[in-house]
Amino acid sequence: QGCVDHPIVLTEAVCNPLYSRQMMSELLFECYQVPKVSYGVDSLYSFYHNRRQNWPCSGLVISSGYQCTHILPVLEGRLDAKNCKRINLGGCQAAVYLQRLLQLKYPGHFAAITLSRMEEILHEHSYIAEDYIEELQKWRSPEYYENNMHKMQLPFSNKLLGSTLTSEEKQERRQQQLRRLQELNARRREEKLQLDQERLDRLLYVQELLEDGQMDQFHKALVELNMDSAEELQSYINKLSLSVEQTKQKILQAEVNIEVDVVDSKPETPDLDPLGSEQSLEDVESINEFEPLFAEEQPEVEKPVAAVQPVFNLAEYHQLFLGTERIRAPEIVFQPSLIGEDQAGIAETMQYVLERYPKEQQAILVQNVFLTGGNTMYPGLKARVQKELLEMRPFQSSFQVHLASSPVLDAWYGARDWAVEHMTREEGWITRKDYEEKGGEYLKEHCASNVYVPIRLPKQAPRTTEALAPSRVLASSTGNPGEQA
């Protein structure tokens with residue numbers, strides 16, 4: 001029917017700006033016609049849900065999510081908004097940092113190292129080191145590396161690992177390839193024979209000019225052929241005649257022989273263009289001298305062709321080896337300088353927040369240091385926070401660190417519990433009447449909400465007062481000096 005006829009419990013950011021709440025309330029009341037709405041902070045809902053287990057109502061909430069991390073002091077069940085601190089680091093930045101590390105380590109798999117796979121690695125393979133420097137020293141040992149290194153298999157195509165053809169199909173394919181080689185070889189021999197025959201006819205024509213006594217035309221033809229004498233011409237005629245006869249014999253032998261020749265690997269004689277060729281017949285002679293070195297091979301058909309084996313295992317090539325990256329990526333919430341961020345980590349921020357309170361309130365807060373949010377699910381995070389507190393707290397002082405029973409879902413469970421308990425109460429609910437009277441930025445506080453700070457606008461003096469002010473000053477100045485005294 002275009003409306004929502006039940007109350008809404010909505011989470012908002014810590015110290016949410018009034019304008020953001022005003023826009024959301026306007027949408028809920030004007031568009032969806034909700035009867036009432038309540039705003040709360042997700043990490044405080046998680047704290048509220050776990051506080052039901054007889055925990056103290058005061059504590060220090062460390063909420064680390066996908067985009068940021070908050071340090072929230074809670075005193076007597078209410079958020080102390082003045083001393084809240086935020087660190088702009090979370091699971092998203094850790095995944096990007098891990099992606100950058102692995103792309104630099106495996107540039108061949110740049111496209112396969114996606115952000116979603118990095119988030120999966122963070123959730124399944126990463127952990128928080130209790131002492132980061134000491135843990136890095138352990139990774140320098142080859143034995144420790146082999147025992148603690150994790151492998152991740154990237155997807156790849158299995159077609160290159162081997163052929164699925166049967167032995168008969170492979171043999172038939174070899175026969176077809178050999179037949180194609182035979183046809184190609186015969187065609188090249190015929191082309192070579194035709195080219196050599198044309199060259200020989202040209203040289204014989206020049207020799208006939210000498211026999212007919214046409215000396216001028218003969219010497220002109222010798223210059224075009226880049227030859228010096230008739231003896232050199234006769235030498236090239238003899239070589240080309242021998243080459244033509246050998247090519248004819250090979251063609252006849254290939255037609256009779258049942259074996260298949262491979263592709264002719266003999267270098268061809270360069271073209272002799274009778275009309276201005278820059279290549280001399282001496283180059284042809286030097287090439288023909290090396291013809292015995294390029295003898296043709298005639299492999300037998302029955303000889304089996306060895307299958308080409310892959311140079312390396314393709315599956316192993318598409319594996320990622322996770323070593324120190326397992327601790328380097330989640331460490332950024334304690335050391336933001338690893339990724340170049342000019343911020344304080346969780347330990348420094350926690351110490352800064354605690355130092356803003358007297359010693360008595362510090363002792364109360366550290367009795368319940370509460371960890372919540374999806375980015376607090378790394379193994380070893382609780383031990384790391386305990387170690388940091390042990391270093392910053394006074395000698396022989398006590399503290400307690402608690403991890404949410406379900407860091408991801410406890411915020412929803414806490415909002416559900418609060419809604420069920422306060423469904424019939426007026427505490428924490430903003431009705432439509434409140435919205436119309438006090439504006440969209442209005443907030444009713446409760447145990448898991450922000451602190452409401454109303455907008456304070458300076459009152460402007462009326463114009464009539466401003467206009468009368470000069471005359472009053474003038475009248476007072478012209479009065480009796482005794483009365484003024």
# chains A, B, ... in the order shown; residues from 1 in each chain; ligands from 1
call {"tool": "select_by_dssp", "arguments": {"residues": "stretch 424-456 of chain A", "states": "alpha helix (DSSP H)", "output": "short mmCIF file (atom, residue, chain, number, x, y, z; two decimals) with N, CA and C atoms, in the first residue's frame"}}
result
data_model
loop_
_atom_site.label_atom_id
_atom_site.label_comp_id
_atom_site.auth_asym_id
_atom_site.auth_seq_id
_atom_site.Cartn_x
_atom_site.Cartn_y
_atom_site.Cartn_z
N ARG A 432 5.97 10.18 14.93
CA ARG A 432 5.71 11.17 13.89
C ARG A 432 5.42 12.54 14.49
N LYS A 433 4.80 12.56 15.66
CA LYS A 433 4.54 13.82 16.33
C LYS A 433 5.84 14.51 16.72
N ASP A 434 6.81 13.72 17.22
CA ASP A 434 8.13 14.28 17.55
C ASP A 434 8.80 14.83 16.31
N TYR A 435 8.66 14.09 15.21
CA TYR A 435 9.29 14.53 13.96
C TYR A 435 8.71 15.85 13.47
N GLU A 436 7.40 16.01 13.58
CA GLU A 436 6.77 17.23 13.10
C GLU A 436 7.04 18.41 14.02
N GLU A 437 7.17 18.15 15.32
CA GLU A 437 7.38 19.24 16.26
C GLU A 437 8.84 19.66 16.37
N LYS A 438 9.76 18.68 16.38
CA LYS A 438 11.16 18.96 16.71
C LYS A 438 12.12 18.79 15.54
#
call {"tool": "closest_residue", "arguments": {"among": "A:Glu190, A:Glu445, A:Glu331, A:Glu245", "to": "A:Trp429", "atoms": "only C-alpha atoms"}}
result
A:Glu445
call {"tool": "residues_around", "arguments": {"residues": "A:Cys92", "least_positions_apart": "3", "cutoff": "8 Å", "atoms": "only C-alpha atoms", "output": "PyMOL selection string"}}
result
chain A and resi 66-67+89+95-96
call {"tool": "write_last_selection", "arguments": {"atoms": "N, CA, C and O atoms", "output": "CSV table (one decimal), in the first residue's frame"}}
result
chain,number,residue,atom,x,y,z
A,66,TYR,N,34.5,-3.0,8.1
A,66,TYR,CA,35.1,-3.1,6.7
A,66,TYR,C,35.8,-1.8,6.3
A,66,TYR,O,36.8,-1.9,5.6
A,67,GLN,N,35.3,-0.6,6.8
A,67,GLN,CA,35.9,0.6,6.3
A,67,GLN,C,36.7,1.4,7.4
A,67,GLN,O,37.6,2.1,7.1
A,89,LEU,N,40.8,2.8,9.0
A,89,LEU,CA,41.4,1.6,8.5
A,89,LEU,C,40.5,0.4,8.9
A,89,LEU,O,39.9,0.4,10.1
A,95,ALA,N,42.6,-5.9,2.7
A,95,ALA,CA,42.4,-6.7,1.5
A,95,ALA,C,43.2,-6.0,0.3
A,95,ALA,O,43.8,-6.7,-0.5
A,96,VAL,N,43.1,-4.7,0.2
A,96,VAL,CA,43.8,-4.0,-0.9
A,96,VAL,C,45.3,-4.2,-0.7
A,96,VAL,O,46.1,-4.4,-1.6
call {"tool": "residues_around", "arguments": {"residues": "stretch 423-427 of chain A", "least_positions_apart": "5", "cutoff": "9 Å", "atoms": "only C-alpha atoms", "output": "PyMOL selection string"}}
result
chain A and resi 7+418+444-446
call {"tool": "closest_residue", "arguments": {"among": "A:Leu381, A:Leu371, A:Leu154, A:Leu252", "to": "A:Glu130", "atoms": "only C-alpha atoms"}}
result
A:Leu381
call {"tool": "closest_residue", "arguments": {"among": "A:Ala81, A:Leu365, A:Cys31, A:Val420", "to": "A:Val4", "atoms": "only C-alpha atoms"}}
result
A:Cys31
call {"tool": "decode", "arguments": {"residues": "stretch 161-191 of chain A", "atoms": "N, CA, C and O atoms", "output": "CSV table (one decimal), in the first residue's frame"}}
result
chain,number,residue,atom,x,y,z
A,161,LEU,N,47.5,-29.6,-20.2
A,161,LEU,CA,48.2,-30.7,-19.5
A,161,LEU,C,48.4,-31.9,-20.3
A,161,LEU,O,49.3,-32.7,-20.1
A,162,GLY,N,47.5,-32.2,-21.3
A,162,GLY,CA,47.6,-33.4,-22.1
A,162,GLY,C,46.5,-33.5,-23.1
A,162,GLY,O,45.5,-32.8,-23.0
A,163,SER,N,46.6,-34.4,-24.0
A,163,SER,CA,45.6,-34.5,-25.1
A,163,SER,C,44.7,-35.6,-24.7
A,163,SER,O,45.0,-36.6,-24.1
A,164,THR,N,43.4,-35.5,-25.2
A,164,THR,CA,42.4,-36.5,-24.9
A,164,THR,C,42.2,-37.5,-26.1
A,164,THR,O,41.3,-38.2,-26.1
A,165,LEU,N,43.1,-37.4,-27.1
A,165,LEU,CA,42.9,-38.2,-28.3
A,165,LEU,C,43.4,-39.6,-28.0
A,165,LEU,O,44.4,-39.8,-27.2
A,166,THR,N,42.8,-40.6,-28.7
A,166,THR,CA,43.3,-42.0,-28.6
A,166,THR,C,44.5,-42.2,-29.4
A,166,THR,O,44.9,-41.3,-30.2
A,167,SER,N,45.2,-43.4,-29.3
A,167,SER,CA,46.4,-43.6,-30.0
A,167,SER,C,46.1,-43.7,-31.5
A,167,SER,O,46.9,-43.3,-32.4
A,168,GLU,N,44.9,-44.3,-31.9
A,168,GLU,CA,44.6,-44.4,-33.4
A,168,GLU,C,44.4,-43.0,-34.0
A,168,GLU,O,44.9,-42.7,-35.1
A,169,GLU,N,43.7,-42.1,-33.2
A,169,GLU,CA,43.5,-40.7,-33.7
A,169,GLU,C,44.8,-40.0,-33.8
A,169,GLU,O,45.1,-39.2,-34.8
A,170,LYS,N,45.7,-40.2,-32.8
A,170,LYS,CA,47.1,-39.5,-32.9
A,170,LYS,C,47.8,-40.0,-34.1
A,170,LYS,O,48.5,-39.2,-34.8
A,171,GLN,N,47.8,-41.4,-34.4
A,171,GLN,CA,48.5,-41.9,-35.6
A,171,GLN,C,47.9,-41.4,-36.9
A,171,GLN,O,48.7,-41.0,-37.8
A,172,GLU,N,46.6,-41.2,-36.9
A,172,GLU,CA,46.0,-40.7,-38.1
A,172,GLU,C,46.4,-39.2,-38.3
A,172,GLU,O,46.6,-38.8,-39.5
A,173,ARG,N,46.4,-38.5,-37.2
A,173,ARG,CA,46.8,-37.1,-37.3
A,173,ARG,C,48.3,-37.0,-37.8
A,173,ARG,O,48.6,-36.1,-38.6
A,174,ARG,N,49.2,-37.9,-37.4
A,174,ARG,CA,50.5,-37.9,-37.8
A,174,ARG,C,50.6,-38.1,-39.3
A,174,ARG,O,51.4,-37.5,-40.1
A,175,GLN,N,49.8,-39.1,-39.8
A,175,GLN,CA,49.8,-39.4,-41.2
A,175,GLN,C,49.3,-38.2,-42.1
A,175,GLN,O,49.9,-37.9,-43.1
A,176,GLN,N,48.3,-37.5,-41.6
A,176,GLN,CA,47.9,-36.3,-42.3
A,176,GLN,C,48.9,-35.3,-42.3
A,176,GLN,O,49.1,-34.6,-43.4
A,177,GLN,N,49.6,-35.1,-41.2
A,177,GLN,CA,50.7,-34.1,-41.2
A,177,GLN,C,51.8,-34.4,-42.2
A,177,GLN,O,52.3,-33.6,-42.9
A,178,LEU,N,52.2,-35.7,-42.2
A,178,LEU,CA,53.2,-36.1,-43.1
A,178,LEU,C,52.8,-36.0,-44.6
A,178,LEU,O,53.7,-35.6,-45.4
A,179,ARG,N,51.5,-36.3,-44.9
A,179,ARG,CA,51.1,-36.1,-46.3
A,179,ARG,C,51.1,-34.6,-46.7
A,179,ARG,O,51.5,-34.3,-47.8
A,180,ARG,N,50.7,-33.7,-45.7
A,180,ARG,CA,50.8,-32.3,-46.0
A,180,ARG,C,52.3,-31.8,-46.2
A,180,ARG,O,52.6,-31.0,-47.1
A,181,LEU,N,53.2,-32.4,-45.4
A,181,LEU,CA,54.6,-32.1,-45.6
A,181,LEU,C,55.1,-32.6,-47.0
A,181,LEU,O,55.9,-31.9,-47.6
A,182,GLN,N,54.6,-33.7,-47.4
A,182,GLN,CA,55.1,-34.3,-48.7
A,182,GLN,C,54.6,-33.4,-49.8
A,182,GLN,O,55.4,-33.0,-50.7
A,183,GLU,N,53.3,-33.0,-49.8
A,183,GLU,CA,52.8,-32.1,-50.8
A,183,GLU,C,53.5,-30.7,-50.8
A,183,GLU,O,53.9,-30.2,-51.9
A,184,LEU,N,53.8,-30.2,-49.7
A,184,LEU,CA,54.5,-28.9,-49.6
A,184,LEU,C,55.9,-29.0,-50.1
A,184,LEU,O,56.4,-28.1,-50.8
A,185,ASN,N,56.6,-30.1,-49.8
A,185,ASN,CA,57.9,-30.3,-50.2
A,185,ASN,C,58.0,-30.5,-51.8
A,185,ASN,O,58.9,-29.9,-52.4
A,186,ALA,N,57.1,-31.2,-52.3
A,186,ALA,CA,57.0,-31.4,-53.8
A,186,ALA,C,56.8,-30.1,-54.5
A,186,ALA,O,57.4,-29.8,-55.5
A,187,ARG,N,55.9,-29.3,-53.9
A,187,ARG,CA,55.6,-28.0,-54.5
A,187,ARG,C,56.8,-27.1,-54.5
A,187,ARG,O,57.1,-26.4,-55.5
A,188,ARG,N,57.5,-27.1,-53.4
A,188,ARG,CA,58.7,-26.2,-53.3
A,188,ARG,C,59.8,-26.7,-54.3
A,188,ARG,O,60.5,-25.9,-54.9
A,189,ARG,N,59.9,-28.0,-54.5
A,189,ARG,CA,60.9,-28.5,-55.5
A,189,ARG,C,60.6,-28.0,-56.9
A,189,ARG,O,61.5,-27.6,-57.6
A,190,GLU,N,59.3,-28.1,-57.2
A,190,GLU,CA,58.9,-27.7,-58.6
A,190,GLU,C,59.1,-26.2,-58.8
A,190,GLU,O,59.6,-25.8,-59.8
A,191,GLU,N,58.8,-25.4,-57.7
A,191,GLU,CA,59.1,-24.0,-57.8
A,191,GLU,C,60.6,-23.7,-58.0
A,191,GLU,O,61.0,-22.8,-58.8
